[in-house]
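So this block is input25.txt, compact mmCIF, C-alpha atoms and all ligand atoms:
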# COMPACT_ATOMS: atom_id res chain seq x y z
CA MET A 387 73.47 122.10 170.81
CA LYS A 388 73.86 118.51 171.98
CA ASN A 389 76.85 117.30 173.97
CA PHE A 390 78.04 113.72 174.01
CA VAL A 391 81.03 112.84 176.17
CA LEU A 392 83.31 109.90 175.37
CA LEU A 393 84.99 108.72 178.54
CA GLY A 394 87.63 106.01 178.74
CA ALA A 395 91.29 105.18 179.20
CA PRO A 396 93.89 106.25 176.63
CA GLY A 397 93.67 103.89 173.65
CA SER A 398 90.13 102.71 174.42
CA GLY A 399 88.92 103.78 170.95
CA LYS A 400 87.32 107.16 171.70
CA GLY A 401 89.15 108.93 168.87
CA THR A 402 88.27 106.28 166.29
CA GLN A 403 84.58 106.32 167.19
CA SER A 404 84.56 110.13 167.28
CA TYR A 405 85.76 110.06 163.69
CA ASN A 406 82.76 107.88 162.74
CA LEU A 407 80.34 110.21 164.51
CA VAL A 408 81.76 113.16 162.61
CA GLU A 409 81.59 111.29 159.29
CA LYS A 410 78.08 109.90 159.74
CA PHE A 411 76.29 112.71 161.56
CA GLY A 412 78.42 115.82 161.12
CA PHE A 413 79.06 116.12 164.85
CA ILE A 414 81.92 118.41 165.80
CA HIS A 415 84.77 116.51 167.44
CA ILE A 416 86.45 118.28 170.32
CA SER A 417 89.54 116.43 171.51
CA THR A 418 91.37 118.38 174.19
CA GLY A 419 94.47 116.29 173.38
CA ASN A 420 94.35 117.49 169.75
CA ILE A 421 93.82 121.08 170.89
CA ILE A 422 96.89 120.84 173.14
CA ARG A 423 98.98 119.31 170.36
CA ASN A 424 97.95 122.11 167.97
CA ILE A 425 98.75 124.82 170.52
CA ASN A 426 102.22 123.36 170.75
CA ILE A 427 102.73 123.52 167.02
CA LYS A 428 101.47 127.10 166.82
CA ASN A 429 102.88 128.63 169.97
CA LYS A 430 106.42 127.81 170.98
CA LYS A 431 106.02 129.91 174.18
CA LEU A 432 103.69 127.27 175.51
CA ASN A 433 106.37 124.61 175.26
CA ILE A 434 106.74 124.65 179.05
CA LEU A 435 103.17 123.43 179.36
CA PHE A 436 104.03 120.73 176.95
CA ASP A 437 107.32 119.65 178.52
CA ASN A 438 106.05 119.68 182.10
CA TYR A 439 102.74 117.92 181.54
CA TYR A 440 101.94 116.48 178.12
CA ASN A 441 105.33 114.91 177.41
CA GLN A 442 105.40 113.50 180.94
CA GLY A 443 102.02 111.82 180.47
CA LYS A 444 100.53 114.12 183.14
CA LEU A 445 97.29 116.09 183.03
CA ILE A 446 97.41 119.80 182.18
CA PRO A 447 96.17 121.82 185.23
CA ASP A 448 92.39 122.20 185.39
CA ASP A 449 92.36 126.01 185.20
CA ILE A 450 94.32 126.00 181.92
CA ILE A 451 92.14 123.31 180.33
CA ILE A 452 88.98 125.11 181.42
CA LYS A 453 90.21 128.41 179.91
CA ILE A 454 90.88 126.58 176.63
CA ILE A 455 87.39 125.04 176.65
CA GLU A 456 85.76 128.36 177.55
CA ASN A 457 87.41 130.06 174.56
CA TYR A 458 86.45 127.19 172.32
CA LEU A 459 82.81 126.99 173.38
CA HIS A 460 82.14 130.55 172.28
CA LYS A 461 83.31 129.81 168.76
CA ILE A 462 81.35 126.67 167.94
CA ILE A 463 77.81 125.90 166.90
CA GLY A 464 76.54 122.36 166.41
CA ASN A 465 76.33 119.01 168.12
CA LEU A 466 79.53 118.21 169.95
CA ILE A 467 81.54 115.09 170.75
CA TRP A 468 83.79 115.64 173.73
CA ASP A 469 86.79 113.31 173.60
CA GLY A 470 89.18 113.49 176.56
CA PHE A 471 87.24 116.18 178.40
CA PRO A 472 86.24 116.34 181.20
CA ARG A 473 88.96 114.29 182.85
CA THR A 474 88.60 115.41 186.48
CA ILE A 475 85.63 116.05 188.75
CA ILE A 476 86.62 119.74 188.88
CA GLN A 477 86.52 119.92 185.07
CA ALA A 478 83.15 118.13 185.02
CA LYS A 479 81.56 120.59 187.47
CA LYS A 480 82.95 123.62 185.69
CA PHE A 481 81.84 122.18 182.34
CA GLU A 482 78.26 121.88 183.60
CA LYS A 483 78.29 125.53 184.63
CA LEU A 484 79.70 126.66 181.28
CA LEU A 485 77.08 124.67 179.39
CA LYS A 486 74.29 125.93 181.62
CA LYS A 487 75.26 129.52 180.78
CA MET A 488 74.70 128.56 177.15
CA ASN A 489 71.33 126.91 177.95
CA SER A 490 72.89 123.56 177.21
CA SER A 491 73.89 120.42 179.11
CA ILE A 492 75.49 117.01 178.64
CA ASN A 493 73.08 114.75 176.76
CA HIS A 494 74.92 111.50 177.35
CA VAL A 495 78.23 109.97 178.42
CA PHE A 496 79.62 106.85 176.72
CA TYR A 497 82.09 105.01 178.94
CA PHE A 498 84.50 102.91 176.85
CA LYS A 499 85.23 99.97 179.15
CA ILE A 500 88.25 97.95 178.08
CA ASP A 501 90.66 95.34 179.43
CA GLU A 502 93.69 97.41 180.44
CA ASN A 503 96.14 94.72 179.28
CA LYS A 504 95.13 95.39 175.68
CA LEU A 505 95.76 99.10 175.90
CA ILE A 506 99.54 99.27 176.01
CA LYS A 507 99.98 97.30 172.77
CA ARG A 508 97.18 99.25 171.08
CA ILE A 509 98.78 102.58 171.97
CA ILE A 510 102.29 101.51 171.02
CA ASP A 511 101.02 100.51 167.54
CA ARG A 512 99.10 103.78 167.15
CA LEU A 513 99.93 106.56 164.66
CA ILE A 514 98.14 109.88 164.25
CA CYS A 515 97.88 112.37 161.44
CA SER A 516 100.23 115.27 162.14
CA PHE A 517 97.61 117.64 160.72
CA CYS A 518 94.05 116.50 161.59
CA GLY A 519 94.75 114.07 164.44
CA ARG A 520 92.95 111.12 162.79
CA ILE A 521 94.03 107.88 164.41
CA TYR A 522 95.51 104.83 162.68
CA ASN A 523 97.04 101.61 163.89
CA LYS A 524 100.00 99.73 162.37
CA ILE A 525 98.19 96.41 162.80
CA ASN A 526 94.47 96.79 162.11
CA LEU A 527 93.72 100.36 161.08
CA LEU A 528 96.13 101.00 158.24
CA PRO A 529 95.96 104.06 155.97
CA LYS A 530 95.47 103.50 152.21
CA ILE A 531 99.03 104.73 151.54
CA LEU A 532 101.64 103.81 154.14
CA TRP A 533 102.14 106.39 156.67
CA ILE A 534 100.02 109.02 154.94
CA CYS A 535 96.63 110.23 156.22
CA ASN A 536 93.70 109.16 154.00
CA ASP A 537 91.95 112.51 154.48
CA ASP A 538 94.55 115.22 154.03
CA LYS A 539 97.61 113.31 152.72
CA LYS A 540 99.79 114.61 155.58
CA ALA A 541 102.38 112.42 157.35
CA LEU A 542 101.36 110.08 160.16
CA ILE A 543 103.44 110.41 163.28
CA LYS A 544 103.87 108.70 166.61
CA ARG A 545 102.83 110.78 169.62
CA LYS A 546 105.64 111.61 172.06
CA ASP A 547 103.56 110.29 174.94
CA ASP A 548 102.71 106.99 173.21
CA ASN A 549 105.62 105.00 174.62
CA GLU A 550 105.46 102.30 177.28
CA GLU A 551 106.87 104.44 180.10
CA LYS A 552 104.45 107.33 179.53
CA ILE A 553 101.49 105.06 178.87
CA LYS A 554 101.92 103.50 182.30
CA ILE A 555 101.90 106.96 183.90
CA ARG A 556 98.84 107.97 181.86
CA LEU A 557 96.94 104.83 182.88
CA LYS A 558 97.80 105.37 186.54
CA ILE A 559 96.50 108.94 186.33
CA TYR A 560 93.40 107.78 184.46
CA ASN A 561 92.62 105.19 187.13
CA SER A 562 93.07 107.55 190.05
CA ILE A 563 91.79 110.89 188.72
CA THR A 564 89.49 110.26 185.74
CA PHE A 565 87.88 106.96 186.74
CA PRO A 566 85.71 108.55 189.51
CA LEU A 567 83.85 110.40 186.73
CA ILE A 568 82.13 107.13 185.85
CA GLU A 569 80.34 107.02 189.18
CA TYR A 570 79.73 110.76 188.98
CA TYR A 571 77.82 110.44 185.69
CA LEU A 572 76.18 107.14 186.70
CA ASN A 573 74.67 108.97 189.67
CA LYS A 574 73.36 111.59 187.28
CA LYS A 575 71.87 108.79 185.12
CA LYS A 576 73.76 110.07 182.10
CA LEU A 577 76.21 107.23 181.48
CA THR A 578 76.11 104.01 179.47
CA VAL A 579 78.90 101.44 179.49
CA ILE A 580 80.23 100.48 176.06
CA ASN A 581 82.13 97.22 175.69
CA ALA A 582 85.23 98.64 173.99
CA ASP A 583 87.02 95.26 173.93
CA MET A 584 85.03 94.39 170.82
CA GLU A 585 86.18 95.17 167.29
CA LYS A 586 85.42 98.68 166.12
CA ASP A 587 82.26 97.93 164.08
CA LYS A 588 80.68 96.26 167.10
CA VAL A 589 81.63 99.18 169.31
CA TRP A 590 80.01 101.46 166.74
CA ASN A 591 76.80 99.40 166.82
CA GLN A 592 76.57 99.82 170.58
CA ILE A 593 76.96 103.60 170.26
CA MET A 594 74.33 103.71 167.51
CA ASN A 595 71.84 101.75 169.60
CA ILE A 596 72.19 104.19 172.46
CA LEU A 597 71.94 107.25 170.22
CA VAL A 598 68.76 105.89 168.64
CA LYS A 599 67.28 105.10 172.07
CA LYS A 600 68.16 108.52 173.48
CA ASN A 601 66.92 110.45 170.48
CA GLY A 602 64.11 108.30 169.19
CA GLY A 603 65.99 107.77 165.94
CA ASN A 604 66.79 111.45 165.54
CA LYS A 605 70.55 111.80 166.12
P1 LIG A 701 94.70 112.59 174.79
O1 LIG A 701 95.05 112.95 173.36
O2 LIG A 701 93.26 112.74 175.10
O3 LIG A 701 95.25 111.23 175.16
O4 LIG A 701 95.46 113.64 175.69
C1 LIG A 701 96.88 113.76 175.65
C2 LIG A 701 97.38 114.63 176.77
O5 LIG A 701 96.83 115.94 176.66
C3 LIG A 701 97.04 114.18 178.18
O6 LIG A 701 97.93 113.20 178.68
C4 LIG A 701 97.19 115.52 178.94
O7 LIG A 701 98.55 115.88 179.09
C5 LIG A 701 96.58 116.50 177.94
N1 LIG A 701 95.10 116.59 178.12
C6 LIG A 701 94.15 116.31 177.21
N2 LIG A 701 92.92 116.52 177.69
C7 LIG A 701 93.09 116.94 178.97
C8 LIG A 701 92.20 117.30 180.01
N3 LIG A 701 90.86 117.28 179.85
N4 LIG A 701 92.74 117.67 181.21
C9 LIG A 701 94.05 117.72 181.40
N5 LIG A 701 94.97 117.37 180.45
C10 LIG A 701 94.50 116.99 179.25

Could you spell out this file's structure in structure tokens?
Amino acid sequence: MKNFVLLGAPGSGKGTQSYNLVEKFGFIHISTGNIIRNINIKNKKLNILFDNYYNQGKLIPDDIIIKIIENYLHKIIGNLIWDGFPRTIIQAKKFEKLLKKMNSSINHVFYFKIDENKLIKRIIDRLICSFCGRIYNKINLLPKILWICNDDKKALIKRKDDNEEKIKIRLKIYNSITFPLIEYYLNKKKLTVINADMEKDKVWNQIMNILVKKNGGNK
């Protein structure tokens, strides 16, 4: 089991590149944001979690996220792309322990570095599939049929937390709580910086180059 972590601000392109990694190499995409959104659809009792944290643009408490990941890890086999997890140093340390128990570890962390001024517009123009979570953009990542997902033909929706007010909160939280993870993984010599300002094919090329280097061509 290999583990690749995609780290970066909301809207930096992690979800889009995860989709490519799934398509090209059959990696399993684990987006904690998607998991949380699905819990909400399935379990109305957990609406409090949603109203108090997700809809406010705030992080779900570490212990709850870790429980979710723990449950998830037992059910999956394969090479994994972690998108949006870990997001705090506490999560990162606990994640290492969980992986160690499974004789696994993080293989590499891709940090999606991007000019923050571009993010707000990108997120405001973003739509996601209400079913699979695939990401589109009203400007440069259009679906084949307007607001229908290419893969499962379900409706595209706008996330409740993708508005200017909530994006500003999410970026503030990212900069104060998640950003220190970059240094954390740099110190562990596990992190490469990706220039996520580039258009998506060029971002993909950077990821490919690193994967080839890390695995000697064997992804
Ligand atoms: P995302 O789809 O990754 O932008 O995540 C959307 C929201 O889900 C975040 O703003 C948090 O409320 C919650 N969330 C997702 N992943 C995590 C995490 N690792 N830790 C805490 N909250 C999370």

Which residues, written as number ranges by chain, have at least one atom at most 10 Å from A:Lys586, with all atoms listed in the file counted and residues fewer than 6 positions away on the same chain left out? A: 399, 402-403, 527, 592

Rank nothing, just name the residue among A:Lys507, A:Arg473, A:Ala478, A:Asn595 nearest to A:Ser491, using only C-alpha atoms.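 Looking only at the distances to A:Ser491, the closest residue turns out to be A:Ala478.
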
Taking only C-alpha atoms and all ligand atoms into account, produce a table as CSV in which each residue of chain A with an atom at most 8 Å from an atom of ligand LIG 701 (chain A) appears once, together with its shortest atom pair and the distance in Å to one decimal, ordered by chain and rising number.
residue,atom,partner,partner_atom,distance
A:Pro396,CA,A:LIG701,O3,5.4
A:Gly397,CA,A:LIG701,O3,7.7
A:Ser417,CA,A:LIG701,O2,6.4
A:Thr418,CA,A:LIG701,N2,4.3
A:Gly419,CA,A:LIG701,O1,3.4
A:Asn420,CA,A:LIG701,O1,5.8
A:Ile421,CA,A:LIG701,C6,7.9
A:Ile422,CA,A:LIG701,O5,6.0
A:Arg423,CA,A:LIG701,O5,7.5
A:Phe436,CA,A:LIG701,O7,7.6
A:Tyr439,CA,A:LIG701,O7,5.3
A:Tyr440,CA,A:LIG701,O7,3.6
A:Asn441,CA,A:LIG701,O7,7.1
A:Gln442,CA,A:LIG701,O7,7.5
A:Gly443,CA,A:LIG701,O6,4.7
A:Lys444,CA,A:LIG701,O7,4.8
A:Leu445,CA,A:LIG701,N5,3.7
A:Ile446,CA,A:LIG701,N5,3.9
A:Pro447,CA,A:LIG701,C9,6.0
A:Asp448,CA,A:LIG701,N4,6.2
A:Ile451,CA,A:LIG701,N4,5.7
A:Asp469,CA,A:LIG701,O2,6.7
A:Gly470,CA,A:LIG701,O2,4.4
A:Phe471,CA,A:LIG701,N3,4.1
A:Pro472,CA,A:LIG701,N3,4.9
A:Arg473,CA,A:LIG701,N3,4.6
A:Thr474,CA,A:LIG701,N4,7.1
A:Gln477,CA,A:LIG701,N3,7.3
A:Asp547,CA,A:LIG701,O6,7.4
A:Arg556,CA,A:LIG701,O6,6.2

Could you please determine the separation between atom CA of A:Asn523 and atom CA of A:Asn591 in Å, to one decimal place?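 Atom CA of A:Asn523 sits 20.6 Å away from atom CA of A:Asn591.
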
Can you work out the spacing between atom CA of A:Phe411 and atom CA of A:Ile521 in Å, to one decimal?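 Pair atom CA of A:Phe411 / atom CA of A:Ile521 returns 18.6 Å.
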
Neighbouring residues of stretch 530-535 of chain A were defined as those with any atom within 9 Å, considering all atoms listed in the file; residues of the same chain fewer than 4 positions away were excluded. Please report them as a ChimeraX atom specification. /A:513-518,520-522,539-543

Show which residues sit within 9 Å of stretch 562-569 of chain A, as a list in words. Count all atoms listed in the file, and ignore same-chain residues fewer than 3 positions away.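 Non-adjacent residues within range: Leu393, Gly394, Ala395, Pro472, Arg473, Thr474, Ile475, Ala478, Val495, Tyr497, Leu557, Lys558, Ile559, Leu572, Asn573, Lys574 and Leu577 of chain A.
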
Near-A:Lys524 list (9 Å; all atoms listed in the file; drop same-chain fewer than 4 positions) as a list in words: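 Counting all atoms listed in the file, the residues come to Asp511, Arg512, Leu513, Leu528 and Pro529 of chain A.
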
Missing atoms in stretch 405-424 of chain A need filling: write out N, CA and C atoms for it as a short mmCIF file (atom, residue, chain, number, x, y, z; two decimals), in the frame of the given file.
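As a result, out10.cif now contains:
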data_model
loop_
_atom_site.label_atom_id
_atom_site.label_comp_id
_atom_site.auth_asym_id
_atom_site.auth_seq_id
_atom_site.Cartn_x
_atom_site.Cartn_y
_atom_site.Cartn_z
N TYR A 405 85.62 109.85 165.14
CA TYR A 405 85.76 110.06 163.69
C TYR A 405 84.50 109.58 162.97
N ASN A 406 83.99 108.40 163.36
CA ASN A 406 82.76 107.88 162.74
C ASN A 406 81.57 108.81 162.98
N LEU A 407 81.48 109.32 164.19
CA LEU A 407 80.34 110.21 164.51
C LEU A 407 80.40 111.50 163.69
N VAL A 408 81.60 111.97 163.44
CA VAL A 408 81.76 113.16 162.61
C VAL A 408 81.35 112.83 161.17
N GLU A 409 81.87 111.71 160.67
CA GLU A 409 81.59 111.29 159.29
C GLU A 409 80.10 111.07 159.04
N LYS A 410 79.47 110.33 159.98
CA LYS A 410 78.08 109.90 159.74
C LYS A 410 77.06 110.99 160.06
N PHE A 411 77.33 111.78 161.10
CA PHE A 411 76.29 112.71 161.56
C PHE A 411 76.71 114.17 161.58
N GLY A 412 77.95 114.43 161.15
CA GLY A 412 78.42 115.82 161.12
C GLY A 412 78.60 116.43 162.50
N PHE A 413 78.76 115.58 163.52
CA PHE A 413 79.06 116.12 164.85
C PHE A 413 80.41 116.83 164.79
N ILE A 414 80.62 117.75 165.71
CA ILE A 414 81.92 118.41 165.80
C ILE A 414 82.73 117.69 166.89
N HIS A 415 83.92 117.28 166.53
CA HIS A 415 84.77 116.51 167.44
C HIS A 415 85.69 117.46 168.21
N ILE A 416 85.55 117.46 169.52
CA ILE A 416 86.45 118.28 170.32
C ILE A 416 87.32 117.36 171.17
N SER A 417 88.58 117.24 170.75
CA SER A 417 89.54 116.43 171.51
C SER A 417 90.49 117.41 172.18
N THR A 418 90.47 117.43 173.50
CA THR A 418 91.37 118.38 174.19
C THR A 418 92.83 118.00 173.91
N GLY A 419 93.11 116.70 173.73
CA GLY A 419 94.47 116.29 173.38
C GLY A 419 94.90 116.91 172.06
N ASN A 420 94.01 116.88 171.05
CA ASN A 420 94.35 117.49 169.75
C ASN A 420 94.54 119.00 169.88
N ILE A 421 93.69 119.62 170.71
CA ILE A 421 93.82 121.08 170.89
C ILE A 421 95.21 121.39 171.48
N ILE A 422 95.58 120.61 172.49
CA ILE A 422 96.89 120.84 173.14
C ILE A 422 98.03 120.63 172.13
N ARG A 423 97.91 119.58 171.33
CA ARG A 423 98.98 119.31 170.36
C ARG A 423 99.07 120.46 169.34
N ASN A 424 97.94 121.01 168.93
CA ASN A 424 97.95 122.11 167.97
C ASN A 424 98.51 123.38 168.57
#
